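Source file: data_18.pdb; contents: PDB, C-alpha atoms and all ligand atoms.
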```pdb
ATOM      1  CA  MET L   1     -28.214 114.985 -42.290
ATOM      2  CA  TYR L   2     -26.176 117.931 -41.067
ATOM      3  CA  ASP L   3     -22.521 117.617 -40.146
ATOM      4  CA  ILE L   4     -21.980 119.144 -36.709
ATOM      5  CA  CYS L   5     -18.738 120.443 -35.234
ATOM      6  CA  ALA L   6     -17.366 120.750 -31.704
ATOM      7  CA  ALA L   7     -17.996 124.184 -30.174
ATOM      8  CA  GLU L   8     -14.970 123.909 -27.891
ATOM      9  CA  THR L   9     -11.439 122.525 -27.917
ATOM     10  CA  VAL L  10     -10.966 119.567 -25.594
ATOM     11  CA  SER L  11      -7.943 117.405 -24.781
ATOM     12  CA  LEU L  12      -8.769 113.843 -23.802
ATOM     13  CA  LYS L  13      -6.490 111.294 -22.215
ATOM     14  CA  LYS L  14      -6.724 107.682 -23.341
ATOM     15  CA  GLY L  15      -9.727 106.045 -21.624
ATOM     16  CA  SER L  16     -11.268 109.306 -20.436
ATOM     17  CA  PHE L  17     -14.831 110.531 -20.963
ATOM     18  CA  CYS L  18     -16.123 113.976 -21.823
ATOM     19  CA  LEU L  19     -19.337 115.611 -22.983
ATOM     20  CA  ILE L  20     -18.219 117.697 -25.943
ATOM     21  CA  ASP L  21     -20.269 120.860 -26.348
ATOM     22  CA  LEU L  22     -21.809 121.082 -29.829
ATOM     23  CA  GLY L  23     -22.991 124.667 -29.239
ATOM     24  CA  ILE L  24     -26.520 123.990 -30.472
ATOM     25  CA  SER L  25     -29.893 124.396 -28.772
ATOM     26  CA  ILE L  26     -32.953 123.769 -30.878
ATOM     27  CA  LYS L  27     -36.729 123.866 -30.739
ATOM     28  CA  MET L  28     -37.987 121.085 -32.968
ATOM     29  CA  PRO L  29     -41.280 121.078 -34.840
ATOM     30  CA  GLU L  30     -44.009 119.174 -32.953
ATOM     31  CA  GLY L  31     -43.823 115.393 -33.525
ATOM     32  CA  CYS L  32     -40.149 115.329 -34.528
ATOM     33  CA  THR L  33     -37.139 113.652 -32.954
ATOM     34  CA  CYS L  34     -33.528 114.693 -33.354
ATOM     35  CA  TRP L  35     -30.674 112.173 -33.508
ATOM     36  CA  ILE L  36     -26.953 112.657 -32.987
ATOM     37  CA  VAL L  37     -24.713 110.001 -34.544
ATOM     38  CA  PRO L  38     -20.977 109.861 -35.237
ATOM     39  CA  ARG L  39     -19.525 110.440 -38.682
ATOM     40  CA  SER L  40     -17.932 107.345 -40.226
ATOM     41  CA  SER L  41     -14.536 109.058 -40.096
ATOM     42  CA  THR L  42     -14.832 110.247 -36.487
ATOM     43  CA  TYR L  43     -12.991 107.339 -34.925
ATOM     44  CA  LYS L  44     -10.292 107.209 -37.596
ATOM     45  CA  ARG L  45      -9.575 110.937 -37.249
ATOM     46  CA  TYR L  46     -10.127 111.652 -33.581
ATOM     47  CA  LYS L  47      -9.984 108.269 -31.771
ATOM     48  CA  ILE L  48     -13.260 108.920 -29.940
ATOM     49  CA  ILE L  49     -16.351 106.712 -29.596
ATOM     50  CA  GLN L  50     -19.852 108.063 -29.001
ATOM     51  CA  THR L  51     -20.640 106.291 -25.721
ATOM     52  CA  ASN L  52     -24.417 106.166 -26.184
ATOM     53  CA  SER L  53     -24.011 104.974 -29.816
ATOM     54  CA  VAL L  54     -26.974 107.127 -30.873
ATOM     55  CA  GLY L  55     -28.082 110.284 -29.080
ATOM     56  CA  VAL L  56     -31.825 110.920 -28.892
ATOM     57  CA  ILE L  57     -32.693 114.570 -28.343
ATOM     58  CA  ASP L  58     -36.072 114.968 -26.665
ATOM     59  CA  GLY L  59     -38.531 117.577 -27.900
ATOM     60  CA  SER L  60     -38.552 119.086 -24.412
ATOM     61  CA  TYR L  61     -34.758 119.592 -24.511
ATOM     62  CA  SER L  62     -35.349 123.070 -25.819
ATOM     63  CA  GLY L  63     -34.325 125.609 -23.187
ATOM     64  CA  ASN L  64     -31.471 128.090 -23.580
ATOM     65  CA  ASN L  65     -29.177 125.920 -21.471
ATOM     66  CA  ASP L  66     -30.248 122.653 -23.127
ATOM     67  CA  ILE L  67     -27.130 122.493 -25.249
ATOM     68  CA  ILE L  68     -26.630 119.352 -27.319
ATOM     69  CA  LYS L  69     -23.492 117.436 -26.347
ATOM     70  CA  PHE L  70     -21.493 114.597 -27.835
ATOM     71  CA  PRO L  71     -20.614 111.988 -25.165
ATOM     72  CA  ALA L  72     -17.109 110.866 -26.079
ATOM     73  CA  ARG L  73     -14.663 108.285 -24.797
ATOM     74  CA  ALA L  74     -11.118 108.467 -26.078
ATOM     75  CA  ASP L  75      -9.282 105.310 -27.129
ATOM     76  CA  GLU L  76      -5.990 107.275 -27.412
ATOM     77  CA  ASP L  77      -4.716 110.642 -26.148
ATOM     78  CA  THR L  78      -6.407 113.064 -28.519
ATOM     79  CA  VAL L  79      -7.367 116.696 -29.071
ATOM     80  CA  ILE L  80     -10.699 117.726 -30.576
ATOM     81  CA  HIS L  81     -10.486 121.270 -31.848
ATOM     82  CA  LYS L  82     -13.322 123.758 -31.949
ATOM     83  CA  GLY L  83     -14.710 123.482 -35.486
ATOM     84  CA  ASP L  84     -13.860 119.788 -35.980
ATOM     85  CA  TYR L  85     -16.844 118.049 -37.567
ATOM     86  CA  ILE L  86     -17.233 115.082 -35.208
ATOM     87  CA  CYS L  87     -20.861 114.038 -35.732
ATOM     88  CA  GLN L  88     -24.051 114.421 -37.707
ATOM     89  CA  MET L  89     -27.562 115.456 -36.771
ATOM     90  CA  CYS L  90     -30.783 114.151 -38.259
ATOM     91  CA  VAL L  91     -34.372 115.234 -37.573
ATOM     92  CA  THR L  92     -37.132 112.735 -38.321
ATOM     93  CA  LYS L  93     -40.902 112.688 -37.949
ATOM     94  CA  ARG L  94     -42.046 110.357 -35.194
ATOM     95  CA  PRO L  95     -44.149 107.394 -36.443
ATOM     96  CA  PRO L  96     -47.682 107.008 -35.083
ATOM     97  CA  ARG L  97     -47.797 105.466 -31.611
ATOM     98  CA  LEU L  98     -48.423 101.696 -31.763
ATOM     99  CA  THR L  99     -50.418  99.531 -29.383
ATOM    100  CA  PHE L 100     -48.677  96.258 -28.432
ATOM    101  CA  THR L 101     -50.767  93.131 -27.785
ATOM    102  CA  GLU L 102     -49.309  90.378 -25.594
ATOM    103  CA  VAL L 103     -49.619  86.853 -27.101
ATOM    104  CA  ASP L 104     -48.418  83.374 -26.023
ATOM    105  CA  SER L 105     -46.682  82.630 -29.333
ATOM    106  CA  LEU L 106     -46.173  83.956 -32.862
ATOM    107  CA  ASP L 107     -47.254  82.186 -36.108
ATOM    108  CA  ASP L 108     -44.077  82.786 -38.140
ATOM    109  CA  VAL L 109     -41.196  80.325 -38.717
ATOM    110  CA  ASN L 110     -38.017  81.176 -36.787
ATOM    111  CA  ARG L 111     -35.601  83.112 -38.974
ATOM    112  CA  GLY L 112     -32.487  82.039 -36.949
ATOM    113  CA  GLY L 113     -29.951  84.025 -34.971
ATOM    114  CA  PHE L 114     -26.995  86.253 -35.820
ATOM    115  CA  GLY L 115     -25.068  85.027 -38.877
ATOM    116  CA  SER L 116     -27.452  82.117 -39.530
ATOM    117  CA  THR L 117     -28.080  82.901 -43.223
ATOM    118  CA  GLY L 118     -24.513  81.925 -44.179
ATOM    119  CA  ARG L 119     -24.090  85.017 -46.360
TER
HETATM  120  O1  LIG L 201     -26.036 112.323 -27.348
HETATM  121  C1  LIG L 201     -26.821 112.994 -26.662
HETATM  122  C2  LIG L 201     -27.931 112.423 -26.012
HETATM  123  C3  LIG L 201     -28.765 113.235 -25.254
HETATM  124  N1  LIG L 201     -28.514 114.571 -25.140
HETATM  125  C4  LIG L 201     -29.390 115.434 -24.375
HETATM  126  C5  LIG L 201     -30.740 115.613 -25.071
HETATM  127  C6  LIG L 201     -31.648 114.680 -24.382
HETATM  128  O2  LIG L 201     -32.981 115.124 -24.439
HETATM  129  C7  LIG L 201     -31.066 114.707 -22.961
HETATM  130  C8  LIG L 201     -31.362 113.478 -22.171
HETATM  131  O3  LIG L 201     -30.947 112.358 -22.913
HETATM  132  P1  LIG L 201     -31.530 110.913 -22.580
HETATM  133  O4  LIG L 201     -33.007 110.960 -22.455
HETATM  134  O5  LIG L 201     -30.927 109.951 -23.546
HETATM  135  O6  LIG L 201     -30.842 110.711 -21.141
HETATM  136  P2  LIG L 201     -31.244 109.833 -19.934
HETATM  137  O7  LIG L 201     -30.049 109.076 -19.563
HETATM  138  O8  LIG L 201     -32.509 109.047 -20.198
HETATM  139  O9  LIG L 201     -31.479 110.926 -18.830
HETATM  140  P3  LIG L 201     -32.731 111.926 -18.566
HETATM  141  O10 LIG L 201     -33.190 111.544 -17.202
HETATM  142  O11 LIG L 201     -32.136 113.315 -18.605
HETATM  143  O12 LIG L 201     -33.758 111.699 -19.654
HETATM  144  O13 LIG L 201     -29.659 114.842 -23.128
HETATM  145  C9  LIG L 201     -27.416 115.135 -25.775
HETATM  146  O14 LIG L 201     -27.160 116.324 -25.689
HETATM  147  N2  LIG L 201     -26.612 114.335 -26.511
END
```
The structure given in the file should be rewritten as structure tokens.
Ligand SMILES: O=c1ccn([C@H]2C[C@H](O)[C@@H](COP(=O)(O)OP(=O)(O)OP(=O)(O)O)O2)c(=O)[nH]1
Amino acid sequence: MYDICAAETVSLKKGSFCLIDLGISIKMPEGCTCWIVPRSSTYKRYKIIQTNSVGVIDGSYSGNNDIIKFPARADEDTVIHKGDYICQMCVTKRPPRLTFTEVDSLDDVNRGGFGSTGR
């Protein structure tokens, strides 16, 4: 994981949306995917939410103008300063491609829905 900072200063009004420039363009090794996720402290410090929850950076997003951005919505009036570490980047190897087979039913016992384990 690499902490990544904003490459520009932006002022956001409560409820507004902005793509914050992270100032990075990369060419990934073949078979890798890059992910952009918020830092745990991002909301507490800056009052912004990453609108796509997790950003997936395609391997083909590798031109000079393919600059990685952080899609942000502000919950309060806020200012993100150039150099503020607002997110993290991770590069992972893609798993082998799977083949899915359609079936009428599965053999396993139902596990139960959200919160059904009582723990
Ligand atoms: O948080 C993010 C998510 C994506 N991207 C860039 C890299 C990615 O390769 C491109 C397109 O993203 P995605 O495939 O998620 O967008 P889409 O909504 O499916 O649009 P597109 O038609 O461009 O694929 O935008 C970012 O800079 N930050």
Give one line per residue of stretch 34-82 of chain L that approaches stretch 3-14 of chain L to at most 7 Å, naming the two atoms of the closest pair and their distance in Å to one decimal, counting only C-alpha atoms; sort by chain then ascending residue number and deliver it as a tab-separated table.
```
residue	atom	partner	partner_atom	distance
L:Ala74	CA	L:Lys14	CA	5.2
L:Asp75	CA	L:Lys14	CA	5.1
L:Glu76	CA	L:Lys14	CA	4.2
L:Asp77	CA	L:Lys13	CA	4.4
L:Thr78	CA	L:Leu12	CA	5.3
L:Val79	CA	L:Ser11	CA	4.4
L:Ile80	CA	L:Val10	CA	5.3
L:His81	CA	L:Thr9	CA	4.2
L:Lys82	CA	L:Glu8	CA	4.4
```
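Going from atom CA of L:Gly59 over to atom O4 of ligand LIG 201 (chain L), you cover 10.2 Å.
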**Study point:** Residue among L:Pro96, L:Gly31, L:Ile68, L:Ser16 lying closest to L:Lys47, counting all atoms listed in the file
**Key:** L:Ser16
Practice item. Check every protein, DNA and RNA residue against ligand LIG 201 (chain L), keep those with an atom at most 9 Å away (counting only C-alpha atoms and all ligand atoms), and present them as a list in words. Key: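 Taking only C-alpha atoms and all ligand atoms into account, the residues around ligand LIG 201 (chain L) at most 9 Å away are Leu19, Asp21, Leu22, Cys34, Trp35, Ile36, Val37, Gln50, Thr51, Asn52, Ser53, Val54, Gly55, Val56, Ile57, Asp58, Gly59, Ser60, Tyr61, Ser62, Asp66, Ile67, Ile68, Lys69, Phe70 and Pro71 of chain L.
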Exercise for review: Could you tell me how far atom CA of L:Gly63 lies from atom CA of L:Thr33, in Å and to one decimal?
Suggested key: 15.7 Å
Check your understanding: If we count only C-alpha atoms, what is near stretch 39-45 of chain L at a cut-off of 6 Å, once residues fewer than 2 positions away on the same chain are taken out, given as a list in words?
Key ->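 Result of the neighbour search: Lys47, Ile48, Ile86 and Cys87 of chain L.
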Check your understanding: Could you spell out the hits of the PyMOL selection byres (((chain L and resi 93) around 6) and not hetatm) on the shown file, as a ChimeraX atom specification?
Key -> /L:31-32,92,94
Selection file, C-alpha atoms, as a tab-separated table (two decimals), in the frame of the given file:
```tsv
chain	number	residue	atom	x	y	z
L	31	GLY	CA	-43.82	115.39	-33.52
L	32	CYS	CA	-40.15	115.33	-34.53
L	92	THR	CA	-37.13	112.74	-38.32
L	94	ARG	CA	-42.05	110.36	-35.19
```
Point to revise | Between atom CA of L:Phe114 and atom CA of L:Met1, distance in Å (one decimal) | key: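 So the two atoms, atom CA of L:Phe114 and atom CA of L:Met1, lie 29.5 Å apart.
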Practice item. Would you mind telling me which residue in L:Val109, L:Ile20, L:Met89, L:Ile49 lies nearest to L:Arg73 when using all atoms listed in the file? Key: L:Ile49
Practice item. Have a look at L:Arg111, L:Thr117, L:Tyr46, L:Val103 and name the one nearest to L:Ala72; count all atoms listed in the file. Key: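 The closest residue to L:Ala72 is L:Tyr46.
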Review point. Of the residues L:Asp104, L:Pro29, L:Cys18, L:Gly23, which is the one nearest to L:Val91, using all atoms listed in the file?
Key: L:Pro29
